[in-house]
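Worksheet for the structure shown next.
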Amino acid sequence: MADGRHANETGENMNSDVEPKLVGATHNNRRVLIRRGLIGALVFVCITIAYSFFVVIQFHTTIVAFQKQKAYLIVTYQNDRGEPVETVYGGAKEPLFIPGPLLRYHRSLSGIELYRQTITSPEELDELFDLLSHFPRLNYLGLEGFHINQERAIKISQLRNLKTIGLKKCKIEKSCLESLLNIDGLTFVGLPDSEFSESELETLTRGPTKETLTGLNLSYCDISDRGASMISRLRNLESLELDGTQITDQGLKILARLPRLKVLVLDHTGVTDYGVGYLSSTPNLVELSLSNTSASDAILETLKREIPALRVSDD
């Protein structure tokens with residue numbers, strides 16, 4: 001019996017010794033886990049801050065590259081009343097409690113206008129096209145005097161938020177328009193005084209732009225009545241500029257079928273009273289420009305009576 005009691009007492013003493021050790025080990029494990037968690041969170045925060053500064057610095061380095069080429073950089077943001085405001089990059093009033101570079105990066109660029117500098121080498125220009133990918137929010141791109149090859153066209157087409165493309169006095173290589181215009185959501189395309197194959201306008205009628213395009217500027221391009229036939233398939237087109245092209249009365253007859261057309265510019269073209277008469281079937285037309293054409297005052301007066309809201313310029 002004494003041996004039994006001794007064994008029980010020994011067991012109880014052993015259990016009482018083990019329990020504090022287990023509790024202590026548990027507390028130690030918790031402290032280790034908490035410490036590791038805090039260290040992990042601190043490392044994550046440090047990496048995030050470091051990466052943020054890297055991205056901001058990279059962004060502003062890219063900005064400087066475009067500024068050296070005298071690019072016009074546009075930023076769109078909301079003012080205190082929640083209204084959209086468009087201004088030149090760096091021109092907005094910055095809140096005192098937010099560092100300017102961080103805020104400008106957050107706003108990013110909404111538009112770039114770039115003119116070809118004669119002193120810039122082709123290699124430097126290729127680098128600029130590579131840098132366009134640093135501006136994912138870009139919705140407007142205007143280029144003047146550039147040679148657009150397939151590689152540059154693809155770089156532009158990767159800007160998936162673009163709504164407006166303007167290529168003035170550009171030489172566009174064969175098949176490049178297909179890459180340029182293969183962007184969902186494009187609403188305006190301007191190619192004034194640019195060189196490209198008229199047949200490539202077919203891209204407009206079979207790509208995503210067929211339904212979204214509302215504005216098209218082909219001023220002083222090599223466009224004939226064949227091009228007018230392609231353009232007439234853009235059923236949502238509201239603004240069309242064809243001044244200085246080879247459009248004739250036959251082409252105008254086709255374009256008059258555009259159901260949403262509001263603005264039509266035909267200055268310096270060969271259209272006559274015969275073609276202008278077809279515009280009476282374009283009831284939404286509100287602005288028509290026929291400067292330096294053979295359209296008579298009589299046909300214009302008739303057209304105004306048929307479309308009372310129409311404003312005509314024929315100086």
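In the structure tokens, chains take letters A, B, ... by order of appearance, with residues numbered from 1 within each chain and ligands from 1 in the order shown.
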Would you kindly return, as a PDB file with N, CA, C and O atoms, in the first residue's frame, each protein, DNA or RNA residue with an atom no farther than 12 Å from any atom of Lys304 in chain A, considering only C-alpha atoms and excluding same-chain residues fewer than 4 positions away?
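So around-v7.pdb came out as:
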```
ATOM      1  N   VAL A 276     -23.942  66.953-103.779  1.00  0.00           N
ATOM      2  CA  VAL A 276     -24.417  67.620-102.565  1.00  0.00           C
ATOM      3  C   VAL A 276     -25.915  67.393-102.377  1.00  0.00           C
ATOM      4  O   VAL A 276     -26.409  67.287-101.251  1.00  0.00           O
ATOM      5  N   GLY A 277     -26.632  67.253-103.479  1.00  0.00           N
ATOM      6  CA  GLY A 277     -28.075  67.043-103.387  1.00  0.00           C
ATOM      7  C   GLY A 277     -28.438  65.771-102.633  1.00  0.00           C
ATOM      8  O   GLY A 277     -29.496  65.700-101.999  1.00  0.00           O
ATOM      9  N   LEU A 279     -27.224  64.766 -99.935  1.00  0.00           N
ATOM     10  CA  LEU A 279     -27.121  64.962 -98.489  1.00  0.00           C
ATOM     11  C   LEU A 279     -28.468  65.290 -97.841  1.00  0.00           C
ATOM     12  O   LEU A 279     -28.576  65.292 -96.618  1.00  0.00           O
ATOM     13  N   SER A 280     -29.459  65.533 -98.651  1.00  0.00           N
ATOM     14  CA  SER A 280     -30.795  65.780 -98.084  1.00  0.00           C
ATOM     15  C   SER A 280     -31.334  64.539 -97.383  1.00  0.00           C
ATOM     16  O   SER A 280     -32.259  64.620 -96.569  1.00  0.00           O
ATOM     17  N   THR A 282     -29.584  62.836 -95.354  1.00  0.00           N
ATOM     18  CA  THR A 282     -28.779  62.696 -94.133  1.00  0.00           C
ATOM     19  C   THR A 282     -29.341  63.666 -93.102  1.00  0.00           C
ATOM     20  O   THR A 282     -28.776  64.727 -92.844  1.00  0.00           O
ATOM     21  N   PRO A 283     -30.444  63.327 -92.465  1.00  0.00           N
ATOM     22  CA  PRO A 283     -31.181  64.277 -91.623  1.00  0.00           C
ATOM     23  C   PRO A 283     -30.455  64.721 -90.365  1.00  0.00           C
ATOM     24  O   PRO A 283     -30.788  65.769 -89.801  1.00  0.00           O
ATOM     25  N   LEU A 285     -27.365  65.616 -90.165  1.00  0.00           N
ATOM     26  CA  LEU A 285     -26.257  66.498 -90.518  1.00  0.00           C
ATOM     27  C   LEU A 285     -26.510  67.907 -89.967  1.00  0.00           C
ATOM     28  O   LEU A 285     -27.544  68.513 -90.212  1.00  0.00           O
ATOM     29  N   VAL A 286     -25.542  68.429 -89.195  1.00  0.00           N
ATOM     30  CA  VAL A 286     -25.686  69.770 -88.628  1.00  0.00           C
ATOM     31  C   VAL A 286     -24.569  70.711 -89.076  1.00  0.00           C
ATOM     32  O   VAL A 286     -24.680  71.923 -88.931  1.00  0.00           O
ATOM     33  N   GLU A 287     -23.487  70.156 -89.621  1.00  0.00           N
ATOM     34  CA  GLU A 287     -22.376  71.000 -90.052  1.00  0.00           C
ATOM     35  C   GLU A 287     -21.772  70.447 -91.339  1.00  0.00           C
ATOM     36  O   GLU A 287     -21.371  69.281 -91.398  1.00  0.00           O
ATOM     37  N   LEU A 288     -21.696  71.304 -92.358  1.00  0.00           N
ATOM     38  CA  LEU A 288     -21.184  70.911 -93.659  1.00  0.00           C
ATOM     39  C   LEU A 288     -20.229  71.982 -94.164  1.00  0.00           C
ATOM     40  O   LEU A 288     -20.547  73.159 -94.179  1.00  0.00           O
ATOM     41  N   ASP A 297     -24.670  78.268-104.565  1.00  0.00           N
ATOM     42  CA  ASP A 297     -25.495  78.802-103.474  1.00  0.00           C
ATOM     43  C   ASP A 297     -26.904  78.246-103.528  1.00  0.00           C
ATOM     44  O   ASP A 297     -27.549  78.041-102.493  1.00  0.00           O
ATOM     45  N   ALA A 298     -27.385  77.988-104.746  1.00  0.00           N
ATOM     46  CA  ALA A 298     -28.752  77.503-104.903  1.00  0.00           C
ATOM     47  C   ALA A 298     -28.934  76.139-104.246  1.00  0.00           C
ATOM     48  O   ALA A 298     -29.907  75.907-103.514  1.00  0.00           O
ATOM     49  N   ILE A 299     -27.999  75.221-104.488  1.00  0.00           N
ATOM     50  CA  ILE A 299     -28.141  73.885-103.901  1.00  0.00           C
ATOM     51  C   ILE A 299     -27.990  73.948-102.386  1.00  0.00           C
ATOM     52  O   ILE A 299     -28.634  73.196-101.644  1.00  0.00           O
ATOM     53  N   LEU A 300     -27.155  74.867-101.894  1.00  0.00           N
ATOM     54  CA  LEU A 300     -26.980  74.998-100.445  1.00  0.00           C
ATOM     55  C   LEU A 300     -28.238  75.545 -99.782  1.00  0.00           C
ATOM     56  O   LEU A 300     -28.612  75.108 -98.701  1.00  0.00           O
ATOM     57  N   PRO A 308     -33.219  72.077 -91.617  1.00  0.00           N
ATOM     58  CA  PRO A 308     -33.208  73.418 -90.996  1.00  0.00           C
ATOM     59  C   PRO A 308     -32.047  73.643 -90.013  1.00  0.00           C
ATOM     60  O   PRO A 308     -31.572  74.780 -89.883  1.00  0.00           O
ATOM     61  N   ALA A 309     -31.588  72.605 -89.346  1.00  0.00           N
ATOM     62  CA  ALA A 309     -30.521  72.775 -88.337  1.00  0.00           C
ATOM     63  C   ALA A 309     -29.134  72.831 -88.973  1.00  0.00           C
ATOM     64  O   ALA A 309     -28.143  73.072 -88.265  1.00  0.00           O
ATOM     65  N   LEU A 310     -29.044  72.683 -90.274  1.00  0.00           N
ATOM     66  CA  LEU A 310     -27.743  72.574 -90.938  1.00  0.00           C
ATOM     67  C   LEU A 310     -27.026  73.921 -91.004  1.00  0.00           C
ATOM     68  O   LEU A 310     -27.600  74.944 -91.366  1.00  0.00           O
ATOM     69  N   ARG A 311     -25.723  73.913 -90.659  1.00  0.00           N
ATOM     70  CA  ARG A 311     -24.840  75.076 -90.830  1.00  0.00           C
ATOM     71  C   ARG A 311     -23.854  74.751 -91.958  1.00  0.00           C
ATOM     72  O   ARG A 311     -23.175  73.701 -91.907  1.00  0.00           O
ATOM     73  N   VAL A 312     -23.756  75.637 -92.912  1.00  0.00           N
ATOM     74  CA  VAL A 312     -22.932  75.385 -94.085  1.00  0.00           C
ATOM     75  C   VAL A 312     -21.838  76.441 -94.185  1.00  0.00           C
ATOM     76  O   VAL A 312     -22.099  77.642 -94.030  1.00  0.00           O
ATOM     77  N   SER A 313     -20.621  75.990 -94.441  1.00  0.00           N
ATOM     78  CA  SER A 313     -19.496  76.892 -94.682  1.00  0.00           C
ATOM     79  C   SER A 313     -18.976  76.641 -96.087  1.00  0.00           C
ATOM     80  O   SER A 313     -18.612  75.516 -96.423  1.00  0.00           O
TER      81      SER A 313
END
```
Q | Who sits within 10 Å of Gln250 in chain A, only C-alpha atoms, same chain under 5 positions skipped, as a PyMOL selection string | A | chain A and resi 224-226+228-229+255+271+274-275+278
(Q) So that I can check the secondary structure, give me every residue of range 233-306 of chain A assigned helix (DSSP H, G or I) by backbone DSSP, as a list of chain:residue names. (A)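 Matching residues for helix (DSSP H, G or I) in range 233-306 of chain A are A:Asp249, A:Gln250, A:Gly251, A:Leu252, A:Lys253, A:Ile254, A:Leu255, A:Asp273, A:Tyr274, A:Gly275, A:Val276, A:Gly277, A:Tyr278, A:Leu279, A:Ser280, A:Ser281, A:Asp297, A:Ala298, A:Ile299, A:Leu300, A:Glu301, A:Thr302, A:Leu303, A:Lys304, A:Arg305, A:Glu306.
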**Q.** Which residue of A:Phe66, A:Phe59, A:Phe129, A:Tyr220 approaches Glu195 in chain A most closely, using only C-alpha atoms
**A.** A:Tyr220
Q | Asn217 in chain A surroundings by only C-alpha atoms, 8 Å radius, close-in-sequence under 2 positions cut, as a PyMOL selection string | A | chain A and resi 189-192+215+219+240-242
Q.
Which residues are close to Glu173 in chain A, i.e. within 12 Å by only C-alpha atoms, leaving aside same-chain residues fewer than 4 positions away? Reply as an MDAnalysis selection string.
A. chainID A and resid 146:153 177:180 194:198 200
Which of range 59-212 of chain A end up as strand (DSSP E) when DSSP is run on this backbone - answer as a compact mmCIF listing (two decimals) with C-alpha atoms, in the first residue's frame?
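Listing of selection_22.txt after writing:
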```
# COMPACT_ATOMS: atom_id res chain seq x y z
CA TYR A 72 3.12 67.59 -74.87
CA LEU A 73 2.01 65.48 -71.89
CA ILE A 74 -1.59 65.56 -70.70
CA VAL A 75 -3.02 64.54 -67.33
CA THR A 76 -6.71 64.12 -66.53
CA TYR A 77 -7.91 64.13 -62.93
CA GLN A 78 -10.93 65.08 -60.81
CA PRO A 84 -12.80 65.90 -64.78
CA VAL A 85 -10.00 68.37 -65.46
CA GLU A 86 -7.41 68.12 -68.23
CA THR A 87 -4.09 69.87 -67.83
CA VAL A 88 -0.45 69.65 -68.83
CA GLY A 111 -2.50 61.85 -73.48
CA ILE A 112 0.74 62.36 -75.41
CA GLU A 113 1.40 64.60 -78.41
CA LEU A 114 4.79 64.05 -79.99
CA TYR A 115 6.35 65.75 -83.00
CA TYR A 140 -5.00 59.72 -76.52
CA LEU A 141 -1.88 59.48 -78.69
CA GLY A 142 -0.94 62.04 -81.30
CA LEU A 143 2.13 61.63 -83.50
CA GLU A 144 3.35 63.89 -86.30
CA HIS A 147 7.58 56.58 -89.95
CA ILE A 148 5.30 53.83 -88.66
CA THR A 164 -8.13 58.44 -79.89
CA ILE A 165 -5.23 57.98 -82.33
CA GLY A 166 -3.92 60.85 -84.41
CA LEU A 167 -1.15 60.24 -86.96
CA LYS A 168 -0.43 63.43 -88.89
CA LYS A 171 4.30 57.37 -93.46
CA ILE A 172 2.54 54.14 -92.57
CA PHE A 188 -11.61 58.58 -83.14
CA VAL A 189 -8.92 57.96 -85.76
CA GLY A 190 -7.09 60.80 -87.47
```
Q) Distance CA of Asp249 in chain A-CA of Asp273 in chain A, one decimal place? A)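 Separation of CA of Asp249 in chain A and CA of Asp273 in chain A: 8.4 Å.
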Q.
Show me, as a list in words, the residues that have an atom within 12 Å of Lys68 in chain A when counting only C-alpha atoms, minus same-chain residues fewer than 5 positions from it.
A. Thr61, Thr62, Ile63, Leu73, Leu114, Tyr115, Arg116, Gln117, Ile119, Thr120, Glu124, Leu125 and Leu128 of chain A
Write out the residues from the selection above, keeping N, CA and C atoms, as an mmCIF file, in the first residue's frame.
```
data_model
loop_
_atom_site.group_PDB
_atom_site.id
_atom_site.type_symbol
_atom_site.label_atom_id
_atom_site.label_comp_id
_atom_site.auth_asym_id
_atom_site.auth_seq_id
_atom_site.Cartn_x
_atom_site.Cartn_y
_atom_site.Cartn_z
ATOM 1 N N THR A 61 11.457 58.822 -64.873
ATOM 2 C CA THR A 61 12.559 58.708 -65.835
ATOM 3 C C THR A 61 12.001 58.649 -67.259
ATOM 4 N N THR A 62 10.897 57.917 -67.412
ATOM 5 C CA THR A 62 10.235 57.832 -68.717
ATOM 6 C C THR A 62 9.661 59.180 -69.124
ATOM 7 N N ILE A 63 9.071 59.877 -68.161
ATOM 8 C CA ILE A 63 8.538 61.215 -68.429
ATOM 9 C C ILE A 63 9.640 62.128 -68.964
ATOM 10 N N LEU A 73 2.519 66.540 -72.756
ATOM 11 C CA LEU A 73 2.008 65.484 -71.893
ATOM 12 C C LEU A 73 0.754 65.964 -71.167
ATOM 13 N N LEU A 114 3.354 64.099 -79.731
ATOM 14 C CA LEU A 114 4.791 64.049 -79.988
ATOM 15 C C LEU A 114 5.067 64.381 -81.443
ATOM 16 N N TYR A 115 5.968 65.325 -81.664
ATOM 17 C CA TYR A 115 6.350 65.747 -82.999
ATOM 18 C C TYR A 115 7.760 65.236 -83.303
ATOM 19 N N ARG A 116 7.945 64.741 -84.484
ATOM 20 C CA ARG A 116 9.238 64.179 -84.878
ATOM 21 C C ARG A 116 10.303 65.261 -84.878
ATOM 22 N N GLN A 117 11.333 65.061 -84.057
ATOM 23 C CA GLN A 117 12.460 65.982 -84.010
ATOM 24 C C GLN A 117 13.526 65.489 -84.991
ATOM 25 N N ILE A 119 16.590 65.954 -85.195
ATOM 26 C CA ILE A 119 17.888 65.599 -84.631
ATOM 27 C C ILE A 119 17.843 64.264 -83.885
ATOM 28 N N THR A 120 16.661 63.675 -83.782
ATOM 29 C CA THR A 120 16.516 62.422 -83.048
ATOM 30 C C THR A 120 16.796 61.239 -83.969
ATOM 31 N N GLU A 124 16.718 56.213 -81.039
ATOM 32 C CA GLU A 124 16.092 56.944 -79.928
ATOM 33 C C GLU A 124 14.578 56.918 -80.052
ATOM 34 N N LEU A 125 14.089 57.023 -81.277
ATOM 35 C CA LEU A 125 12.644 56.984 -81.491
ATOM 36 C C LEU A 125 12.076 55.608 -81.137
ATOM 37 N N LEU A 128 11.534 55.398 -77.531
ATOM 38 C CA LEU A 128 10.324 56.099 -77.093
ATOM 39 C C LEU A 128 9.097 55.218 -77.278
#
```
Any idea what's packed within 12 Å of Leu234 in chain A, counting only C-alpha atoms, ignoring anything in its chain fewer than 2 positions away? Could you give it as a PDB file with N, CA, C and O atoms, in the first residue's frame?
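Writing the result to selection.pdb gives the following:
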```
ATOM      1  N   THR A 187     -12.612  55.411 -80.577  1.00  0.00           N
ATOM      2  CA  THR A 187     -13.731  56.253 -80.985  1.00  0.00           C
ATOM      3  C   THR A 187     -13.345  57.283 -82.041  1.00  0.00           C
ATOM      4  O   THR A 187     -14.206  57.777 -82.768  1.00  0.00           O
ATOM      5  N   PHE A 188     -12.041  57.602 -82.136  1.00  0.00           N
ATOM      6  CA  PHE A 188     -11.613  58.577 -83.144  1.00  0.00           C
ATOM      7  C   PHE A 188     -10.268  58.164 -83.726  1.00  0.00           C
ATOM      8  O   PHE A 188      -9.340  57.812 -82.998  1.00  0.00           O
ATOM      9  N   LEU A 201      -8.077  50.658 -95.490  1.00  0.00           N
ATOM     10  CA  LEU A 201      -9.234  51.169 -94.750  1.00  0.00           C
ATOM     11  C   LEU A 201     -10.260  50.064 -94.507  1.00  0.00           C
ATOM     12  O   LEU A 201     -11.143  50.205 -93.673  1.00  0.00           O
ATOM     13  N   GLU A 202     -10.107  48.979 -95.248  1.00  0.00           N
ATOM     14  CA  GLU A 202     -10.984  47.828 -95.046  1.00  0.00           C
ATOM     15  C   GLU A 202     -10.908  47.340 -93.603  1.00  0.00           C
ATOM     16  O   GLU A 202     -11.871  46.779 -93.056  1.00  0.00           O
ATOM     17  N   THR A 203      -9.760  47.574 -92.966  1.00  0.00           N
ATOM     18  CA  THR A 203      -9.580  47.184 -91.561  1.00  0.00           C
ATOM     19  C   THR A 203     -10.629  47.823 -90.676  1.00  0.00           C
ATOM     20  O   THR A 203     -11.110  47.220 -89.709  1.00  0.00           O
ATOM     21  N   LEU A 204     -11.003  49.054 -90.992  1.00  0.00           N
ATOM     22  CA  LEU A 204     -11.995  49.759 -90.185  1.00  0.00           C
ATOM     23  C   LEU A 204     -13.341  49.046 -90.199  1.00  0.00           C
ATOM     24  O   LEU A 204     -14.100  49.117 -89.228  1.00  0.00           O
ATOM     25  N   THR A 205     -13.635  48.373 -91.281  1.00  0.00           N
ATOM     26  CA  THR A 205     -14.972  47.793 -91.451  1.00  0.00           C
ATOM     27  C   THR A 205     -15.091  46.366 -90.936  1.00  0.00           C
ATOM     28  O   THR A 205     -16.188  45.827 -90.875  1.00  0.00           O
ATOM     29  N   ARG A 206     -13.964  45.745 -90.592  1.00  0.00           N
ATOM     30  CA  ARG A 206     -14.056  44.367 -90.105  1.00  0.00           C
ATOM     31  C   ARG A 206     -13.454  44.175 -88.710  1.00  0.00           C
ATOM     32  O   ARG A 206     -13.577  43.112 -88.135  1.00  0.00           O
ATOM     33  N   GLY A 207     -12.800  45.202 -88.184  1.00  0.00           N
ATOM     34  CA  GLY A 207     -12.213  45.121 -86.853  1.00  0.00           C
ATOM     35  C   GLY A 207     -13.162  45.648 -85.792  1.00  0.00           C
ATOM     36  O   GLY A 207     -14.330  45.977 -86.062  1.00  0.00           O
ATOM     37  N   PRO A 208     -12.671  45.754 -84.561  1.00  0.00           N
ATOM     38  CA  PRO A 208     -13.519  46.236 -83.457  1.00  0.00           C
ATOM     39  C   PRO A 208     -13.966  47.684 -83.625  1.00  0.00           C
ATOM     40  O   PRO A 208     -14.954  48.098 -83.027  1.00  0.00           O
ATOM     41  N   THR A 209     -13.247  48.459 -84.458  1.00  0.00           N
ATOM     42  CA  THR A 209     -13.606  49.867 -84.638  1.00  0.00           C
ATOM     43  C   THR A 209     -14.895  50.055 -85.431  1.00  0.00           C
ATOM     44  O   THR A 209     -15.460  51.151 -85.427  1.00  0.00           O
ATOM     45  N   LYS A 210     -15.334  49.028 -86.088  1.00  0.00           N
ATOM     46  CA  LYS A 210     -16.533  49.161 -86.927  1.00  0.00           C
ATOM     47  C   LYS A 210     -17.729  49.669 -86.127  1.00  0.00           C
ATOM     48  O   LYS A 210     -18.526  50.473 -86.630  1.00  0.00           O
ATOM     49  N   GLU A 211     -17.844  49.212 -84.878  1.00  0.00           N
ATOM     50  CA  GLU A 211     -18.996  49.579 -84.053  1.00  0.00           C
ATOM     51  C   GLU A 211     -18.724  50.769 -83.141  1.00  0.00           C
ATOM     52  O   GLU A 211     -19.668  51.438 -82.707  1.00  0.00           O
ATOM     53  N   THR A 212     -17.458  51.044 -82.839  1.00  0.00           N
ATOM     54  CA  THR A 212     -17.159  52.079 -81.837  1.00  0.00           C
ATOM     55  C   THR A 212     -16.732  53.418 -82.433  1.00  0.00           C
ATOM     56  O   THR A 212     -16.821  54.440 -81.765  1.00  0.00           O
ATOM     57  N   LEU A 213     -16.259  53.427 -83.682  1.00  0.00           N
ATOM     58  CA  LEU A 213     -15.707  54.650 -84.261  1.00  0.00           C
ATOM     59  C   LEU A 213     -16.800  55.680 -84.528  1.00  0.00           C
ATOM     60  O   LEU A 213     -17.785  55.408 -85.206  1.00  0.00           O
ATOM     61  N   THR A 214     -16.608  56.884 -83.962  1.00  0.00           N
ATOM     62  CA  THR A 214     -17.558  57.982 -84.197  1.00  0.00           C
ATOM     63  C   THR A 214     -16.921  59.149 -84.946  1.00  0.00           C
ATOM     64  O   THR A 214     -17.641  60.019 -85.439  1.00  0.00           O
ATOM     65  N   GLY A 215     -15.585  59.181 -85.036  1.00  0.00           N
ATOM     66  CA  GLY A 215     -14.905  60.271 -85.724  1.00  0.00           C
ATOM     67  C   GLY A 215     -13.770  59.758 -86.586  1.00  0.00           C
ATOM     68  O   GLY A 215     -12.998  58.887 -86.166  1.00  0.00           O
ATOM     69  N   LEU A 216     -13.644  60.316 -87.816  1.00  0.00           N
ATOM     70  CA  LEU A 216     -12.599  59.883 -88.739  1.00  0.00           C
ATOM     71  C   LEU A 216     -12.099  61.091 -89.530  1.00  0.00           C
ATOM     72  O   LEU A 216     -12.889  61.808 -90.149  1.00  0.00           O
ATOM     73  N   GLY A 227     -12.583  54.370-101.251  1.00  0.00           N
ATOM     74  CA  GLY A 227     -12.476  54.537 -99.807  1.00  0.00           C
ATOM     75  C   GLY A 227     -13.803  54.941 -99.195  1.00  0.00           C
ATOM     76  O   GLY A 227     -14.149  54.524 -98.084  1.00  0.00           O
ATOM     77  N   ALA A 228     -14.561  55.775 -99.919  1.00  0.00           N
ATOM     78  CA  ALA A 228     -15.871  56.202 -99.429  1.00  0.00           C
ATOM     79  C   ALA A 228     -16.793  55.011 -99.239  1.00  0.00           C
ATOM     80  O   ALA A 228     -17.590  54.959 -98.294  1.00  0.00           O
ATOM     81  N   SER A 229     -16.680  54.031-100.124  1.00  0.00           N
ATOM     82  CA  SER A 229     -17.502  52.827-100.022  1.00  0.00           C
ATOM     83  C   SER A 229     -17.189  52.061 -98.734  1.00  0.00           C
ATOM     84  O   SER A 229     -18.103  51.535 -98.072  1.00  0.00           O
ATOM     85  N   MET A 230     -15.923  52.024 -98.356  1.00  0.00           N
ATOM     86  CA  MET A 230     -15.548  51.350 -97.107  1.00  0.00           C
ATOM     87  C   MET A 230     -16.026  52.150 -95.896  1.00  0.00           C
ATOM     88  O   MET A 230     -16.551  51.590 -94.933  1.00  0.00           O
ATOM     89  N   ILE A 231     -15.842  53.463 -95.965  1.00  0.00           N
ATOM     90  CA  ILE A 231     -16.224  54.320 -94.845  1.00  0.00           C
ATOM     91  C   ILE A 231     -17.730  54.242 -94.584  1.00  0.00           C
ATOM     92  O   ILE A 231     -18.179  54.336 -93.434  1.00  0.00           O
ATOM     93  N   SER A 232     -18.496  54.053 -95.630  1.00  0.00           N
ATOM     94  CA  SER A 232     -19.962  54.040 -95.487  1.00  0.00           C
ATOM     95  C   SER A 232     -20.458  52.893 -94.621  1.00  0.00           C
ATOM     96  O   SER A 232     -21.615  52.886 -94.200  1.00  0.00           O
ATOM     97  N   ASN A 236     -21.885  54.036 -87.133  1.00  0.00           N
ATOM     98  CA  ASN A 236     -21.975  54.935 -85.980  1.00  0.00           C
ATOM     99  C   ASN A 236     -21.138  56.203 -86.158  1.00  0.00           C
ATOM    100  O   ASN A 236     -20.996  56.989 -85.219  1.00  0.00           O
ATOM    101  N   LEU A 237     -20.617  56.409 -87.359  1.00  0.00           N
ATOM    102  CA  LEU A 237     -19.768  57.568 -87.623  1.00  0.00           C
ATOM    103  C   LEU A 237     -20.580  58.862 -87.534  1.00  0.00           C
ATOM    104  O   LEU A 237     -21.644  58.985 -88.142  1.00  0.00           O
ATOM    105  N   GLU A 238     -20.060  59.827 -86.771  1.00  0.00           N
ATOM    106  CA  GLU A 238     -20.731  61.111 -86.594  1.00  0.00           C
ATOM    107  C   GLU A 238     -19.958  62.271 -87.209  1.00  0.00           C
ATOM    108  O   GLU A 238     -20.551  63.277 -87.581  1.00  0.00           O
ATOM    109  N   SER A 239     -18.642  62.151 -87.281  1.00  0.00           N
ATOM    110  CA  SER A 239     -17.806  63.227 -87.822  1.00  0.00           C
ATOM    111  C   SER A 239     -16.852  62.646 -88.865  1.00  0.00           C
ATOM    112  O   SER A 239     -16.155  61.670 -88.596  1.00  0.00           O
ATOM    113  N   LEU A 240     -16.804  63.283 -90.052  1.00  0.00           N
ATOM    114  CA  LEU A 240     -15.982  62.780 -91.150  1.00  0.00           C
ATOM    115  C   LEU A 240     -15.328  63.955 -91.874  1.00  0.00           C
ATOM    116  O   LEU A 240     -16.008  64.842 -92.370  1.00  0.00           O
ATOM    117  N   ILE A 254     -22.664  57.784-101.740  1.00  0.00           N
ATOM    118  CA  ILE A 254     -22.542  56.630-100.831  1.00  0.00           C
ATOM    119  C   ILE A 254     -22.473  57.101 -99.378  1.00  0.00           C
ATOM    120  O   ILE A 254     -23.128  56.536 -98.493  1.00  0.00           O
ATOM    121  N   LEU A 255     -21.697  58.148 -99.120  1.00  0.00           N
ATOM    122  CA  LEU A 255     -21.510  58.637 -97.750  1.00  0.00           C
ATOM    123  C   LEU A 255     -22.799  59.234 -97.179  1.00  0.00           C
ATOM    124  O   LEU A 255     -22.972  59.269 -95.956  1.00  0.00           O
ATOM    125  N   ARG A 257     -25.473  58.030 -96.967  1.00  0.00           N
ATOM    126  CA  ARG A 257     -26.279  56.990 -96.322  1.00  0.00           C
ATOM    127  C   ARG A 257     -25.901  56.774 -94.857  1.00  0.00           C
ATOM    128  O   ARG A 257     -26.571  56.007 -94.156  1.00  0.00           O
ATOM    129  N   LEU A 258     -24.825  57.411 -94.403  1.00  0.00           N
ATOM    130  CA  LEU A 258     -24.422  57.240 -93.003  1.00  0.00           C
ATOM    131  C   LEU A 258     -25.520  57.781 -92.093  1.00  0.00           C
ATOM    132  O   LEU A 258     -25.792  58.979 -92.086  1.00  0.00           O
ATOM    133  N   PRO A 259     -26.132  56.932 -91.277  1.00  0.00           N
ATOM    134  CA  PRO A 259     -27.336  57.343 -90.534  1.00  0.00           C
ATOM    135  C   PRO A 259     -27.081  58.330 -89.397  1.00  0.00           C
ATOM    136  O   PRO A 259     -27.989  59.078 -89.025  1.00  0.00           O
ATOM    137  N   ARG A 260     -25.860  58.348 -88.817  1.00  0.00           N
ATOM    138  CA  ARG A 260     -25.587  59.190 -87.658  1.00  0.00           C
ATOM    139  C   ARG A 260     -24.687  60.386 -87.971  1.00  0.00           C
ATOM    140  O   ARG A 260     -24.306  61.120 -87.063  1.00  0.00           O
ATOM    141  N   LEU A 261     -24.359  60.571 -89.228  1.00  0.00           N
ATOM    142  CA  LEU A 261     -23.406  61.605 -89.613  1.00  0.00           C
ATOM    143  C   LEU A 261     -23.916  62.997 -89.247  1.00  0.00           C
ATOM    144  O   LEU A 261     -25.011  63.397 -89.631  1.00  0.00           O
TER     145      LEU A 261
END
```
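Counting from CA of Ser108 in chain A, the distance to CA of Ile47 in chain A is 22.2 Å.
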